[in-house]
Amino acid sequence: MEKLRIGLALTGSFCTFEKAMAAAERLCKLYDVTPILSETSASTDTRFGRAQDFLERLESLSGKTVIRTVEQAEPIGPKKLLDILIIAPCTGNTVSKLAHGITDSSVTMAAKAHLRNGRPVVVAVSSNDALSAGAANLGALMARRNIYLVPFRQDDPVNKPSSLVAEFSLIEATAAAALEGRQIQPMLL
């Protein structure tokens, strides 16, 4: 039996990259993982780490070159390269682009290309404005066919009352449900 083919895309919520890397380690042990980094994630060094270090870790774990351009992501759809795409972390910016059909990055192109085949996309939101300016976009994705959300919570309701972060430990369970056409519940933790 062939291994499940998973696309794992990271967008620029740098504070959650270690959680994303832990998920990448778990997934790469069991599945055929294709890593994807947004252009910003592939080129921005932050207090949370160097972009090159994350890129090299993903390539080492997966044994594959990281997709990091629109051109590299485009064949995902026509060649049906993935069974499921997981975007973890998915920033408010990327949620907005997905909600409005904007395809201007490696990650949004991967999602568009993958969705054209009616295959599932799992979104692990990580956004400081998800319960304010980004709420309408998150709501639009929740109602979208073939989009599944990793359960999420407010990460700091007192100091960041509009911020949401997915529970990264539930990525695999969310993906398993998504492959069956189900949204894991509860979504709100």
# chains A, B, ... in the order shown; residues from 1 in each chain; ligands from 1

call {"tool": "select_by_dssp", "arguments": {"residues": "chain A", "states": "strand (DSSP E)", "output": "PyMOL selection string"}}
result
chain A and resi 5-10+32-37+84-90+121-127+147-149+152-154+164-166

call {"tool": "closest_atom_pairs", "arguments": {"of": "range 55-83 of chain A", "to": "range 20-28 of chain A", "cutoff": "8 Å", "atoms": "only C-alpha atoms", "output": "tab-separated table"}}
result
residue	atom	partner	partner_atom	distance
A:Leu58	CA	A:Ala24	CA	7.4
A:Leu61	CA	A:Cys28	CA	6.2
A:Ser62	CA	A:Cys28	CA	5.7

call {"tool": "atom_distance", "arguments": {"atom1": "CA of Asn159 in chain A", "atom2": "CA of Phe14 in chain A"}}
result
18.7 Å

call {"tool": "closest_atom_pairs", "arguments": {"of": "range 6-103 of chain A", "to": "range 163-184 of chain A", "cutoff": "12 Å", "atoms": "only C-alpha atoms", "output": "Markdown table"}}
result
| residue | atom | partner | partner_atom | distance |
| --- | --- | --- | --- | --- |
| A:Ile6 | CA | A:Ala175 | CA | 9.5 |
| A:Gly7 | CA | A:Ala175 | CA | 11.3 |
| A:Leu8 | CA | A:Ile171 | CA | 10.7 |
| A:Ser13 | CA | A:Val165 | CA | 9.8 |
| A:Cys15 | CA | A:Val165 | CA | 10.5 |
| A:Thr16 | CA | A:Val165 | CA | 8.6 |
| A:Phe17 | CA | A:Phe168 | CA | 10.4 |
| A:Glu18 | CA | A:Phe168 | CA | 10.2 |
| A:Lys19 | CA | A:Phe168 | CA | 6.4 |
| A:Ala20 | CA | A:Phe168 | CA | 7.1 |
| A:Met21 | CA | A:Phe168 | CA | 10.0 |
| A:Ala22 | CA | A:Phe168 | CA | 8.7 |
| A:Ala23 | CA | A:Phe168 | CA | 7.0 |
| A:Ala24 | CA | A:Ile171 | CA | 10.1 |
| A:Glu25 | CA | A:Glu172 | CA | 11.8 |
| A:Arg26 | CA | A:Glu172 | CA | 8.9 |
| A:Leu27 | CA | A:Glu172 | CA | 7.9 |
| A:Cys28 | CA | A:Glu172 | CA | 11.7 |
| A:Leu30 | CA | A:Glu172 | CA | 10.8 |
| A:Tyr31 | CA | A:Glu172 | CA | 11.0 |
| A:Leu82 | CA | A:Leu179 | CA | 11.8 |
| A:Asp83 | CA | A:Leu179 | CA | 8.3 |
| A:Ile84 | CA | A:Leu179 | CA | 7.4 |
| A:Leu85 | CA | A:Ala175 | CA | 8.7 |
| A:Ile86 | CA | A:Ala175 | CA | 7.7 |
| A:Ile87 | CA | A:Ile171 | CA | 9.7 |
| A:Ala88 | CA | A:Phe168 | CA | 7.9 |
| A:Pro89 | CA | A:Ala166 | CA | 8.0 |
| A:Cys90 | CA | A:Ala166 | CA | 9.1 |
| A:Thr91 | CA | A:Val165 | CA | 9.5 |
| A:Gly92 | CA | A:Leu164 | CA | 9.6 |

call {"tool": "residues_around", "arguments": {"residues": "Met109 in chain A", "least_positions_apart": "2", "cutoff": "9 Å", "atoms": "only C-alpha atoms", "output": "list of chain:residue names"}}
result
A:Thr69, A:Val70, A:Glu71, A:Ala73, A:Glu74, A:Ile76, A:Ile102, A:Thr103, A:Asp104, A:Ser105, A:Ser106, A:Val107, A:Ala111, A:Lys112, A:Ala113, A:His114

call {"tool": "atom_distance", "arguments": {"atom1": "CA of Ser41 in chain A", "atom2": "CA of Gly63 in chain A"}}
result
19.1 Å

call {"tool": "atom_distance", "arguments": {"atom1": "CA of Arg68 in chain A", "atom2": "CA of Gly118 in chain A"}}
result
22.9 Å

call {"tool": "closest_residue", "arguments": {"among": "A:Ser132, A:Thr108, A:Gln154, A:Thr46", "to": "Ala9 in chain A", "atoms": "only C-alpha atoms"}}
result
A:Thr108

call {"tool": "select_by_dssp", "arguments": {"residues": "range 4-76 of chain A", "states": "helix (DSSP H, G or I)", "output": "number ranges by chain"}}
result
A: 14-30, 39-43, 51-62, 70-76

call {"tool": "closest_residue", "arguments": {"among": "A:Thr34, A:Asn93, A:Gln52, A:Thr40", "to": "Ile67 in chain A", "atoms": "only C-alpha atoms"}}
result
A:Thr34

call {"tool": "closest_residue", "arguments": {"among": "A:Ile36, A:Leu81, A:Arg153, A:Arg50", "to": "Lys64 in chain A", "atoms": "only C-alpha atoms"}}
result
A:Ile36

call {"tool": "closest_residue", "arguments": {"among": "A:Gln72, A:Thr11, A:Asn137, A:Gln185", "to": "Ser38 in chain A", "atoms": "only C-alpha atoms"}}
result
A:Thr11
